[in-house]
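Text of the file final.cif, holding mmCIF, C-alpha atoms (C1' of nucleotides):
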data_data
#
loop_
_atom_site.label_atom_id
_atom_site.label_comp_id
_atom_site.auth_asym_id
_atom_site.auth_seq_id
_atom_site.Cartn_x
_atom_site.Cartn_y
_atom_site.Cartn_z
CA MET N 1 245.24 -12.15 191.82
CA ASP N 2 247.28 -11.68 194.97
CA ALA N 3 246.66 -14.98 196.74
CA ASP N 4 245.16 -17.55 194.46
CA LEU N 5 241.60 -18.73 194.63
CA ASP N 6 240.88 -22.42 194.94
CA THR N 7 238.08 -24.32 193.24
CA THR N 8 235.60 -23.61 196.03
CA ASP N 9 236.25 -19.87 195.88
CA LEU N 10 235.80 -19.85 192.12
CA GLU N 11 232.58 -21.84 192.35
CA ILE N 12 231.24 -19.43 194.94
CA LEU N 13 232.13 -16.43 192.78
CA ARG N 14 230.53 -18.03 189.73
CA ILE N 15 227.35 -18.60 191.70
CA LEU N 16 227.19 -15.16 193.30
CA GLN N 17 227.81 -13.41 189.98
CA ILE N 18 224.61 -15.00 188.67
CA ASP N 19 222.43 -14.92 191.79
CA ALA N 20 223.51 -13.31 195.03
CA THR N 21 220.20 -14.02 196.77
CA LEU N 22 221.09 -17.65 197.37
CA THR N 23 221.54 -18.43 201.05
CA ASN N 24 224.73 -19.88 202.45
CA LYS N 25 222.73 -23.03 203.07
CA GLU N 26 221.82 -23.40 199.39
CA ILE N 27 225.38 -22.73 198.25
CA ALA N 28 226.70 -25.17 200.85
CA PHE N 29 224.36 -27.83 199.51
CA LYS N 30 225.40 -27.21 195.88
CA LEU N 31 229.09 -27.38 196.69
CA ARG N 32 228.82 -30.13 199.34
CA LYS N 33 230.44 -28.03 202.02
CA SER N 34 229.22 -26.92 205.43
CA ILE N 35 227.34 -23.69 205.88
CA ALA N 36 230.12 -22.35 208.11
CA THR N 37 232.72 -22.96 205.40
CA ILE N 38 230.70 -21.10 202.79
CA HIS N 39 230.09 -18.29 205.21
CA ASP N 40 233.79 -18.03 205.93
CA ARG N 41 234.83 -18.13 202.28
CA ILE N 42 232.39 -15.40 201.30
CA ARG N 43 233.49 -13.22 204.19
CA LYS N 44 237.09 -13.57 203.07
CA LEU N 45 236.25 -12.95 199.41
CA LYS N 46 234.64 -9.67 200.46
CA GLU N 47 237.49 -8.77 202.79
CA ARG N 48 240.09 -9.41 200.12
CA GLY N 49 238.15 -7.28 197.64
CA TYR N 50 237.20 -9.96 195.12
CA ILE N 51 233.56 -9.11 195.67
CA LYS N 52 233.24 -5.34 195.29
CA LYS N 53 229.52 -5.04 195.87
CA VAL N 54 226.16 -6.74 195.59
CA VAL N 55 223.53 -4.90 193.60
CA ALA N 56 220.01 -5.28 192.25
CA ILE N 57 219.70 -5.22 188.47
CA LEU N 58 216.51 -3.55 187.31
CA ASP N 59 214.45 -4.00 184.19
CA ARG N 60 215.22 -0.84 182.29
CA GLN N 61 212.04 -0.97 180.16
CA LYS N 62 209.91 -1.03 183.32
CA ILE N 63 211.64 1.92 184.93
CA ASN N 64 211.40 3.97 181.76
CA LYS N 65 215.04 3.96 180.70
CA SER N 66 214.32 2.42 177.32
CA LEU N 67 217.01 4.22 175.39
CA ILE N 68 220.62 3.24 175.85
CA ALA N 69 223.25 5.14 173.91
CA PHE N 70 226.93 4.51 173.49
CA SER N 71 228.55 7.87 172.83
CA GLN N 72 232.08 8.18 171.55
CA VAL N 73 233.69 11.38 172.66
CA LEU N 74 236.72 13.09 171.20
CA LEU N 75 238.35 15.89 173.17
CA LYS N 76 240.20 18.89 171.81
CA GLU N 77 243.06 18.76 174.29
CA HIS N 78 244.69 15.77 175.93
CA THR N 79 246.59 17.37 178.76
CA ALA N 80 246.28 15.60 182.11
CA ASP N 81 244.20 18.52 183.38
CA ALA N 82 241.82 18.38 180.45
CA LEU N 83 241.31 14.63 180.83
CA ASN N 84 240.78 14.85 184.56
CA GLU N 85 238.32 17.67 184.23
CA PHE N 86 236.30 15.84 181.60
CA GLU N 87 236.18 12.70 183.76
CA ARG N 88 235.16 14.64 186.81
CA GLU N 89 232.36 16.49 185.06
CA VAL N 90 231.01 13.51 183.19
CA ALA N 91 230.86 11.37 186.34
CA LYS N 92 228.43 13.88 187.81
CA PHE N 93 225.78 13.32 185.14
CA ASN N 94 223.38 10.68 186.39
CA GLU N 95 222.48 9.71 182.82
CA VAL N 96 226.07 8.45 182.39
CA MET N 97 226.24 4.92 183.76
CA GLU N 98 229.73 4.14 182.52
CA CYS N 99 232.65 6.16 181.24
CA PHE N 100 235.80 4.58 179.85
CA GLN N 101 238.90 6.13 178.43
CA MET N 102 239.72 4.17 175.30
CA THR N 103 242.45 3.36 172.84
CA GLY N 104 241.90 4.29 169.22
CA ALA N 105 240.14 6.91 167.18
CA PHE N 106 238.24 8.55 170.05
CA ASP N 107 239.00 9.30 173.68
CA PHE N 108 236.05 8.13 175.76
CA ILE N 109 233.07 5.89 175.42
CA LEU N 110 230.00 6.65 177.56
CA ARG N 111 227.00 4.47 178.26
CA ILE N 112 224.02 6.74 178.66
CA ALA N 113 220.55 5.75 179.90
CA THR N 114 217.55 7.94 179.15
CA SER N 115 213.84 7.44 178.66
CA ASP N 116 213.68 8.35 174.99
CA MET N 117 215.37 10.20 172.13
CA GLU N 118 214.02 13.54 173.28
CA SER N 119 215.66 13.12 176.70
CA TYR N 120 218.88 12.00 175.11
CA HIS N 121 218.83 15.05 172.90
CA LEU N 122 218.37 17.31 175.89
CA PHE N 123 221.19 15.57 177.74
CA LEU N 124 223.50 15.97 174.76
CA ARG N 125 222.67 19.62 174.10
CA ASN N 126 222.39 20.88 177.65
CA LYS N 127 224.89 18.78 179.54
CA LEU N 128 227.45 16.89 177.51
CA ALA N 129 228.05 19.21 174.57
CA ILE N 130 228.59 22.27 176.74
CA LEU N 131 231.61 20.82 178.54
CA PRO N 132 234.53 23.05 177.56
CA ASN N 133 236.90 20.58 175.99
CA ILE N 134 234.56 18.50 173.79
CA SER N 135 235.54 18.22 170.14
CA THR N 136 233.04 15.66 168.77
CA VAL N 137 230.39 13.26 170.11
CA GLN N 138 229.16 10.34 168.03
CA SER N 139 226.07 8.59 169.37
CA PHE N 140 225.00 5.02 168.69
CA PHE N 141 221.75 3.63 170.03
CA VAL N 142 220.86 0.17 171.25
CA LEU N 143 218.24 -1.49 169.03
CA SER N 144 218.17 -4.76 170.91
CA GLU N 145 219.94 -6.47 173.74
CA THR N 146 221.15 -9.96 172.83
CA LYS N 147 223.26 -10.62 175.88
CA SER N 148 223.54 -8.53 178.99
CA ASP N 149 225.65 -10.04 181.76
CA THR N 150 227.53 -8.53 184.65
CA ALA N 151 229.32 -11.85 185.26
CA TYR N 152 232.93 -12.29 184.23
CA PRO N 153 233.97 -15.67 182.84
CA LEU N 154 235.77 -17.67 185.54
CA MET H 1 205.96 1.26 183.70
CA ASP H 2 202.73 -0.70 183.94
CA ALA H 3 201.48 0.37 187.36
CA ASP H 4 203.31 3.37 188.68
CA LEU H 5 205.84 3.26 191.45
CA ASP H 6 205.40 5.52 194.43
CA THR H 7 208.16 7.38 196.25
CA THR H 8 208.83 4.47 198.62
CA ASP H 9 209.24 2.02 195.74
CA LEU H 10 211.63 4.38 193.97
CA GLU H 11 213.65 4.90 197.14
CA ILE H 12 213.91 1.17 197.65
CA LEU H 13 215.04 0.63 194.06
CA ARG H 14 217.61 3.42 194.37
CA ILE H 15 219.00 1.81 197.49
CA LEU H 16 219.08 -1.75 196.17
CA GLN H 17 220.77 -0.69 192.93
CA ILE H 18 223.68 0.57 195.03
CA ASP H 19 223.78 -2.04 197.78
CA ALA H 20 221.54 -5.07 197.87
CA THR H 21 223.12 -6.47 201.03
CA LEU H 22 221.24 -4.03 203.25
CA THR H 23 218.72 -5.77 205.46
CA ASN H 24 215.05 -4.90 205.43
CA LYS H 25 215.61 -3.51 208.89
CA GLU H 26 218.24 -1.05 207.69
CA ILE H 27 216.12 0.04 204.72
CA ALA H 28 213.08 0.40 206.97
CA PHE H 29 215.06 2.66 209.26
CA LYS H 30 216.33 4.84 206.39
CA LEU H 31 212.85 5.27 204.92
CA ARG H 32 211.02 5.45 208.26
CA LYS H 33 208.72 2.57 207.43
CA SER H 34 208.11 -0.73 209.15
CA ILE H 35 210.17 -3.79 208.29
CA ALA H 36 207.09 -5.63 207.04
CA THR H 37 206.27 -2.81 204.63
CA ILE H 38 209.75 -2.89 203.14
CA HIS H 39 209.61 -6.65 202.92
CA ASP H 40 206.29 -6.48 201.15
CA ARG H 41 207.38 -3.77 198.73
CA ILE H 42 210.51 -5.64 197.73
CA ARG H 43 208.57 -8.86 197.22
CA LYS H 44 206.16 -7.05 194.93
CA LEU H 45 208.95 -5.28 193.04
CA LYS H 46 210.46 -8.68 192.31
CA GLU H 47 207.12 -10.22 191.40
CA ARG H 48 206.28 -7.41 189.03
CA GLY H 49 209.67 -7.73 187.37
CA TYR H 50 211.17 -4.39 188.31
CA ILE H 51 214.04 -6.18 190.01
CA LYS H 52 215.36 -8.70 187.52
CA LYS H 53 218.13 -10.16 189.63
CA VAL H 54 220.60 -9.54 192.42
CA VAL H 55 224.24 -10.18 191.59
CA ALA H 56 227.73 -9.84 193.04
CA ILE H 57 230.02 -7.47 191.15
CA LEU H 58 233.62 -8.65 191.17
CA ASP H 59 236.86 -6.74 190.93
CA ARG H 60 237.99 -7.58 187.44
CA GLN H 61 241.65 -6.82 188.12
CA LYS H 62 241.68 -9.36 190.95
CA ILE H 63 240.10 -12.14 188.93
CA ASN H 64 242.47 -11.57 186.05
CA LYS H 65 240.09 -10.02 183.53
CA SER H 66 242.11 -6.87 183.14
CA LEU H 67 241.40 -6.26 179.48
CA ILE H 68 237.99 -5.02 178.43
CA ALA H 69 237.35 -4.51 174.75
CA PHE H 70 234.44 -2.94 172.96
CA SER H 71 234.25 -4.55 169.53
CA GLN H 72 232.17 -3.12 166.75
CA VAL H 73 231.00 -5.78 164.36
CA LEU H 74 229.74 -5.36 160.82
CA LEU H 75 227.98 -8.28 159.18
CA LYS H 76 227.91 -9.11 155.47
CA GLU H 77 224.23 -9.97 155.34
CA HIS H 78 221.33 -8.51 157.28
CA THR H 79 218.65 -11.09 156.70
CA ALA H 80 216.68 -12.09 159.80
CA ASP H 81 218.35 -15.50 159.70
CA ALA H 82 221.84 -14.05 159.52
CA LEU H 83 221.18 -11.71 162.45
CA ASN H 84 219.65 -14.44 164.57
CA GLU H 85 222.48 -16.83 163.87
CA PHE H 86 225.11 -14.24 164.78
CA GLU H 87 223.31 -13.41 168.02
CA ARG H 88 222.94 -17.06 168.93
CA GLU H 89 226.59 -17.89 168.30
CA VAL H 90 228.01 -14.82 170.00
CA ALA H 91 225.93 -15.39 173.13
CA LYS H 92 227.68 -18.73 173.58
CA PHE H 93 231.14 -17.18 173.97
CA ASN H 94 231.81 -16.66 177.65
CA GLU H 95 234.24 -13.82 176.88
CA VAL H 96 231.28 -11.81 175.55
CA MET H 97 229.58 -10.14 178.49
CA GLU H 98 227.24 -7.96 176.47
CA CYS H 99 226.01 -7.89 172.91
CA PHE H 100 223.84 -5.12 171.51
CA GLN H 101 222.46 -4.58 168.06
CA MET H 102 223.03 -0.92 167.24
CA THR H 103 221.93 1.90 164.99
CA GLY H 104 224.54 3.47 162.76
CA ALA H 105 227.67 2.50 160.91
CA PHE H 106 228.07 -0.99 162.40
CA ASP H 107 225.65 -3.72 163.40
CA PHE H 108 226.67 -4.92 166.86
CA ILE H 109 228.74 -3.78 169.77
CA LEU H 110 230.26 -6.43 172.05
CA ARG H 111 231.81 -6.02 175.47
CA ILE H 112 234.55 -8.61 175.80
CA ALA H 113 236.45 -9.52 178.98
CA THR H 114 239.80 -11.29 178.75
CA SER H 115 242.95 -11.46 180.82
CA ASP H 116 245.26 -9.74 178.34
CA MET H 117 245.87 -8.80 174.73
CA GLU H 118 247.11 -12.27 173.86
CA SER H 119 243.84 -13.84 175.08
CA TYR H 120 241.83 -11.24 173.23
CA HIS H 121 243.76 -11.97 170.09
CA LEU H 122 243.05 -15.69 170.43
CA PHE H 123 239.37 -14.99 171.03
CA LEU H 124 239.20 -12.80 167.95
CA ARG H 125 241.08 -15.17 165.67
CA ASN H 126 239.67 -18.48 166.87
CA LYS H 127 236.14 -17.64 167.89
CA LEU H 128 234.72 -14.35 166.68
CA ALA H 129 236.37 -13.96 163.27
CA ILE H 130 235.46 -17.45 162.13
CA LEU H 131 231.71 -16.89 162.42
CA PRO H 132 230.41 -17.19 158.86
CA ASN H 133 228.73 -13.82 158.36
CA ILE H 134 231.33 -11.44 159.83
CA SER H 135 232.44 -8.62 157.55
CA THR H 136 234.62 -6.44 159.85
CA VAL H 137 235.48 -6.21 163.54
CA GLN H 138 236.93 -3.04 165.03
CA SER H 139 238.30 -3.37 168.55
CA PHE H 140 238.71 -0.60 171.10
CA PHE H 141 240.29 -1.22 174.48
CA VAL H 142 239.57 0.27 177.87
CA LEU H 143 242.50 2.29 179.19
CA SER H 144 240.81 3.39 182.37
CA GLU H 145 237.44 3.19 184.04
CA THR H 146 236.15 6.56 185.19
CA LYS H 147 232.64 5.52 186.09
CA SER H 148 231.22 2.05 186.20
CA ASP H 149 227.69 1.79 187.54
CA THR H 150 224.96 -0.76 187.08
CA ALA H 151 222.42 1.63 188.61
CA TYR H 152 219.95 3.48 186.39
CA PRO H 153 219.07 7.05 187.34
CA LEU H 154 215.68 7.13 189.09
"C1'" DT L 1 200.45 -0.70 207.11
"C1'" DT L 2 201.65 -2.38 211.34
"C1'" DT L 3 202.36 -5.74 215.10
"C1'" DG L 4 204.01 -9.86 216.94
"C1'" DA L 5 205.46 -14.50 217.00
"C1'" DA L 6 207.41 -18.56 214.60
"C1'" DA L 7 210.62 -20.18 211.25
"C1'" DA L 8 214.75 -19.58 208.80
"C1'" DC L 9 219.04 -17.87 208.33
"C1'" DT L 10 223.52 -15.71 209.76
"C1'" DC L 11 227.46 -15.51 212.31
"C1'" DT L 12 230.75 -16.70 215.93
"C1'" DC L 13 233.30 -19.76 218.63
"C1'" DG L 14 235.79 -23.75 219.81
"C1'" DC L 15 237.26 -28.17 218.37
"C1'" DG L 16 239.43 -31.37 215.23
"C1'" DC L 17 241.74 -32.53 211.07
"C1'" DG F 1 246.14 -23.64 207.75
"C1'" DC F 2 241.02 -25.25 206.67
"C1'" DG F 3 236.58 -27.24 207.68
"C1'" DC F 4 232.81 -28.44 210.75
"C1'" DG F 5 228.87 -28.44 214.44
"C1'" DA F 6 226.09 -26.11 217.69
"C1'" DG F 7 224.17 -22.20 219.79
"C1'" DA F 8 223.05 -17.31 220.25
"C1'" DG F 9 221.57 -13.46 217.77
"C1'" DT F 10 219.24 -11.48 213.53
"C1'" DT F 11 216.36 -11.44 209.91
"C1'" DT F 12 212.59 -13.03 207.29
"C1'" DT F 13 208.07 -14.52 206.90
"C1'" DC F 14 203.24 -14.66 207.60
"C1'" DA F 15 199.44 -14.45 210.31
"C1'" DA F 16 195.68 -11.14 212.04
"C1'" DA F 17 193.95 -6.57 212.75
#
Would you mind writing the file's structure down as structure tokens?
Amino acid sequence: MDADLDTTDLEILRILQIDATLTNKEIAFKLRKSIATIHDRIRKLKERGYIKKVVAILDRQKINKSLIAFSQVLLKEHTADALNEFEREVAKFNEVMECFQMTGAFDFILRIATSDMESYHLFLRNKLAILPNISTVQSFFVLSETKSDTAYPL
Amino acid sequence: MDADLDTTDLEILRILQIDATLTNKEIAFKLRKSIATIHDRIRKLKERGYIKKVVAILDRQKINKSLIAFSQVLLKEHTADALNEFEREVAKFNEVMECFQMTGAFDFILRIATSDMESYHLFLRNKLAILPNISTVQSFFVLSETKSDTAYPL
DNA sequence: TTTGAAAACTCTCGCGC
DNA sequence: GCGCGAGAGTTTTCAAA
């Protein structure tokens, strides 16, 4: 945190992390501030980079992405070039929603969204597994979603 | 998908998954439709549940949640009661952003956001590990974020 | 689906604390 | 520096066709 956030800023961020469709008027009412103040705070929060983006979250069952996999990838080589190339290639696959380099027994964890096991299989065989530097891929599948937030605790 | 989405609906969803601050006017211009049509489509997409919510995504470095852990949890017992109780308790922890029941060698995967290793340690020792039915917890930490999308491929 | 008009909201500016 | 009110400018909303 470069310049600290005061209580109002934190309240605004808490609110917008849950529901960014609220109007400035509604937020102003909740926080007992004027509309202009809320407007100004939010503008500054965006300017300073606290708010990266505002996005719609879809119902993945409805849009036919029922299968979520977490895939743990181990590479053969760990040179800077090899890591960069893997990251670059993997980011291109639209099935890959997230890719993290990790500590521990494997190198990367990928969150992959497909419609069903057949599609996942095709993705694995035809896209992921043919990258040059892959050693092993272990796939785990989501059975049920207990909690699914994009909001950070504040 | 109950009733199918046409090209316009899909385009709108693609756009809103990336940036939900665009006005109806801007979307209408991109898709060469009238503003009222876009307005109507979005209203229906919300009504029908395709769009679950609209949220602000924050910069986790800036808000001091620099450490993301994926924690794989194994329970001792797998009775319906034991699973429900674990899910209920874990959902209460604000450090836990996501909790999924999984196939494979462990029962749950948790995405945990804390400020640093010390905070994670405290969370693990004082909150997660004292739940009654926990057998093992294996923690993996994010070293770097290569791709981090909330958008599903459409 | 579109048009058009009314209502609601956003955003800026200047003032005051 | 921060917050507020008022007005102009946009956007949303909801008829009717």
Let me know the residues the PyMOL selection byres ((chain F) within 9 of (chain N)) catches in the file above, as a list in words.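 After applying the PyMOL selection byres ((chain F) within 9 of (chain N)), what remains is DC2, DG3, DC4 and DG5 of chain F.
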Store the residues of this selection in a file with C-alpha atoms (C1' of nucleotides), as a CSV table (one decimal), in the frame of the given file.
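Just written: again_4.csv:
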chain,number,residue,atom,x,y,z
F,2,DC,C1',241.0,-25.2,206.7
F,3,DG,C1',236.6,-27.2,207.7
F,4,DC,C1',232.8,-28.4,210.8
F,5,DG,C1',228.9,-28.4,214.4
Can you list what the PyMOL selection byres ((chain H and resi 70) around 12) grabs from this structure, as number ranges by chain? N: 70, 72, 100-104, 108-111; H: 67-69, 71-73, 95-100, 108-114, 120, 137-143
Output of the PyMOL selection byres ((chain L and resi 2-9) around 8), listed as JSON, numbers by chain: {"N": [23], "H": [34, 36], "L": [1, 10], "F": [11, 12, 13]}
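The spacing separating CA of Leu10 (chain N) from CA of Ala28 (chain N) amounts to 13.7 Å.
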Expressed in Å, the length from CA of Leu22 (chain N) to C1' of DA6 (chain F) is 22.6 Å
Separation of CA of Ile12 (chain N) from CA of Val90 (chain H) in Å: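 Result for CA of Val90 (chain H) versus CA of Ile12 (chain N): 25.6 Å, one decimal.
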Neighbours of region 48-60 of chain N within 9 Å (all atoms listed in the file; same-chain residues fewer than 5 positions away dropped), as JSON, numbers by chain? {"N": [1, 13, 16, 17, 20, 42, 43, 65, 66, 67, 113], "H": [13, 15, 16, 17, 18, 19, 20, 21, 49, 50, 51, 52, 53, 54, 55, 56, 57, 58, 59, 60, 61, 62, 63, 150, 151, 152]}
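Shortest atom-to-atom contact with chain H among N:Ser144, N:Thr8, N:Asn24, N:Asn84: N:Ser144, counting only C-alpha atoms.
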For region 45-56 of chain H, supply all heavy atoms and format the output as an mmCIF file, keeping the file's coordinate frame.
data_model
loop_
_atom_site.group_PDB
_atom_site.id
_atom_site.type_symbol
_atom_site.label_atom_id
_atom_site.label_comp_id
_atom_site.auth_asym_id
_atom_site.auth_seq_id
_atom_site.Cartn_x
_atom_site.Cartn_y
_atom_site.Cartn_z
ATOM 1 N N LEU H 45 208.073 -5.794 194.094
ATOM 2 C CA LEU H 45 208.950 -5.280 193.040
ATOM 3 C C LEU H 45 209.602 -6.433 192.273
ATOM 4 O O LEU H 45 209.807 -6.352 191.055
ATOM 5 C CB LEU H 45 210.020 -4.353 193.628
ATOM 6 C CG LEU H 45 209.520 -2.976 194.073
ATOM 7 C CD1 LEU H 45 210.553 -2.259 194.930
ATOM 8 C CD2 LEU H 45 209.139 -2.110 192.869
ATOM 9 N N LYS H 46 209.915 -7.501 192.980
ATOM 10 C CA LYS H 46 210.460 -8.680 192.310
ATOM 11 C C LYS H 46 209.393 -9.387 191.492
ATOM 12 O O LYS H 46 209.614 -9.730 190.334
ATOM 13 C CB LYS H 46 211.066 -9.653 193.334
ATOM 14 C CG LYS H 46 212.394 -9.151 193.894
ATOM 15 C CD LYS H 46 213.061 -10.160 194.825
ATOM 16 C CE LYS H 46 214.380 -9.580 195.335
ATOM 17 N NZ LYS H 46 214.968 -10.360 196.432
ATOM 18 N N GLU H 47 208.244 -9.569 192.089
ATOM 19 C CA GLU H 47 207.120 -10.220 191.400
ATOM 20 C C GLU H 47 206.758 -9.508 190.106
ATOM 21 O O GLU H 47 206.549 -10.132 189.075
ATOM 22 C CB GLU H 47 205.886 -10.218 192.298
ATOM 23 C CG GLU H 47 205.648 -11.484 193.083
ATOM 24 C CD GLU H 47 204.473 -11.293 194.044
ATOM 25 O OE1 GLU H 47 203.594 -10.434 193.783
ATOM 26 O OE2 GLU H 47 204.471 -11.981 195.066
ATOM 27 N N ARG H 48 206.705 -8.199 190.193
ATOM 28 C CA ARG H 48 206.280 -7.410 189.030
ATOM 29 C C ARG H 48 207.404 -7.245 188.010
ATOM 30 O O ARG H 48 207.222 -6.632 186.967
ATOM 31 C CB ARG H 48 205.794 -6.026 189.486
ATOM 32 C CG ARG H 48 204.494 -6.099 190.286
ATOM 33 C CD ARG H 48 203.850 -4.739 190.377
ATOM 34 N NE ARG H 48 204.406 -3.917 191.439
ATOM 35 C CZ ARG H 48 204.269 -2.596 191.511
ATOM 36 N NH1 ARG H 48 203.603 -1.934 190.566
ATOM 37 N NH2 ARG H 48 204.794 -1.930 192.514
ATOM 38 N N GLY H 49 208.590 -7.731 188.360
ATOM 39 C CA GLY H 49 209.670 -7.730 187.370
ATOM 40 C C GLY H 49 210.529 -6.479 187.348
ATOM 41 O O GLY H 49 211.372 -6.329 186.462
ATOM 42 N N TYR H 50 210.317 -5.580 188.283
ATOM 43 C CA TYR H 50 211.170 -4.390 188.310
ATOM 44 C C TYR H 50 212.602 -4.768 188.670
ATOM 45 O O TYR H 50 213.550 -4.256 188.097
ATOM 46 C CB TYR H 50 210.628 -3.357 189.311
ATOM 47 C CG TYR H 50 209.410 -2.646 188.792
ATOM 48 C CD1 TYR H 50 208.136 -3.127 189.062
ATOM 49 C CD2 TYR H 50 209.533 -1.506 187.999
ATOM 50 C CE1 TYR H 50 207.011 -2.501 188.557
ATOM 51 C CE2 TYR H 50 208.422 -0.872 187.500
ATOM 52 C CZ TYR H 50 207.161 -1.371 187.782
ATOM 53 O OH TYR H 50 206.061 -0.751 187.272
ATOM 54 N N ILE H 51 212.716 -5.655 189.650
ATOM 55 C CA ILE H 51 214.040 -6.180 190.010
ATOM 56 C C ILE H 51 214.220 -7.496 189.262
ATOM 57 O O ILE H 51 213.510 -8.467 189.510
ATOM 58 C CB ILE H 51 214.136 -6.413 191.539
ATOM 59 C CG1 ILE H 51 214.002 -5.069 192.260
ATOM 60 C CG2 ILE H 51 215.456 -7.095 191.892
ATOM 61 C CD1 ILE H 51 213.910 -5.192 193.775
ATOM 62 N N LYS H 52 215.160 -7.492 188.315
ATOM 63 C CA LYS H 52 215.360 -8.700 187.520
ATOM 64 C C LYS H 52 216.195 -9.725 188.260
ATOM 65 O O LYS H 52 215.954 -10.915 188.205
ATOM 66 C CB LYS H 52 216.079 -8.355 186.196
ATOM 67 C CG LYS H 52 215.159 -7.774 185.154
ATOM 68 C CD LYS H 52 215.715 -7.991 183.753
ATOM 69 C CE LYS H 52 217.057 -7.288 183.573
ATOM 70 N NZ LYS H 52 217.486 -7.259 182.155
ATOM 71 N N LYS H 53 217.252 -9.236 188.897
ATOM 72 C CA LYS H 53 218.130 -10.160 189.630
ATOM 73 C C LYS H 53 219.011 -9.386 190.589
ATOM 74 O O LYS H 53 219.102 -8.163 190.519
ATOM 75 C CB LYS H 53 218.992 -10.963 188.656
ATOM 76 C CG LYS H 53 219.790 -10.096 187.686
ATOM 77 C CD LYS H 53 220.552 -10.942 186.666
ATOM 78 C CE LYS H 53 221.264 -10.039 185.668
ATOM 79 N NZ LYS H 53 222.065 -10.773 184.695
ATOM 80 N N VAL H 54 219.642 -10.107 191.481
ATOM 81 C CA VAL H 54 220.600 -9.540 192.420
ATOM 82 C C VAL H 54 221.908 -10.283 192.212
ATOM 83 O O VAL H 54 221.926 -11.518 192.237
ATOM 84 C CB VAL H 54 220.104 -9.687 193.878
ATOM 85 C CG1 VAL H 54 221.155 -9.184 194.858
ATOM 86 C CG2 VAL H 54 218.799 -8.935 194.067
ATOM 87 N N VAL H 55 222.964 -9.529 191.961
ATOM 88 C CA VAL H 55 224.240 -10.180 191.590
ATOM 89 C C VAL H 55 225.409 -9.563 192.345
ATOM 90 O O VAL H 55 225.355 -8.412 192.779
ATOM 91 C CB VAL H 55 224.506 -10.020 190.073
ATOM 92 C CG1 VAL H 55 223.394 -10.663 189.248
ATOM 93 C CG2 VAL H 55 224.694 -8.557 189.690
ATOM 94 N N ALA H 56 226.473 -10.353 192.482
ATOM 95 C CA ALA H 56 227.730 -9.840 193.040
ATOM 96 C C ALA H 56 228.546 -9.254 191.893
ATOM 97 O O ALA H 56 228.621 -9.831 190.810
ATOM 98 C CB ALA H 56 228.496 -10.971 193.702
#
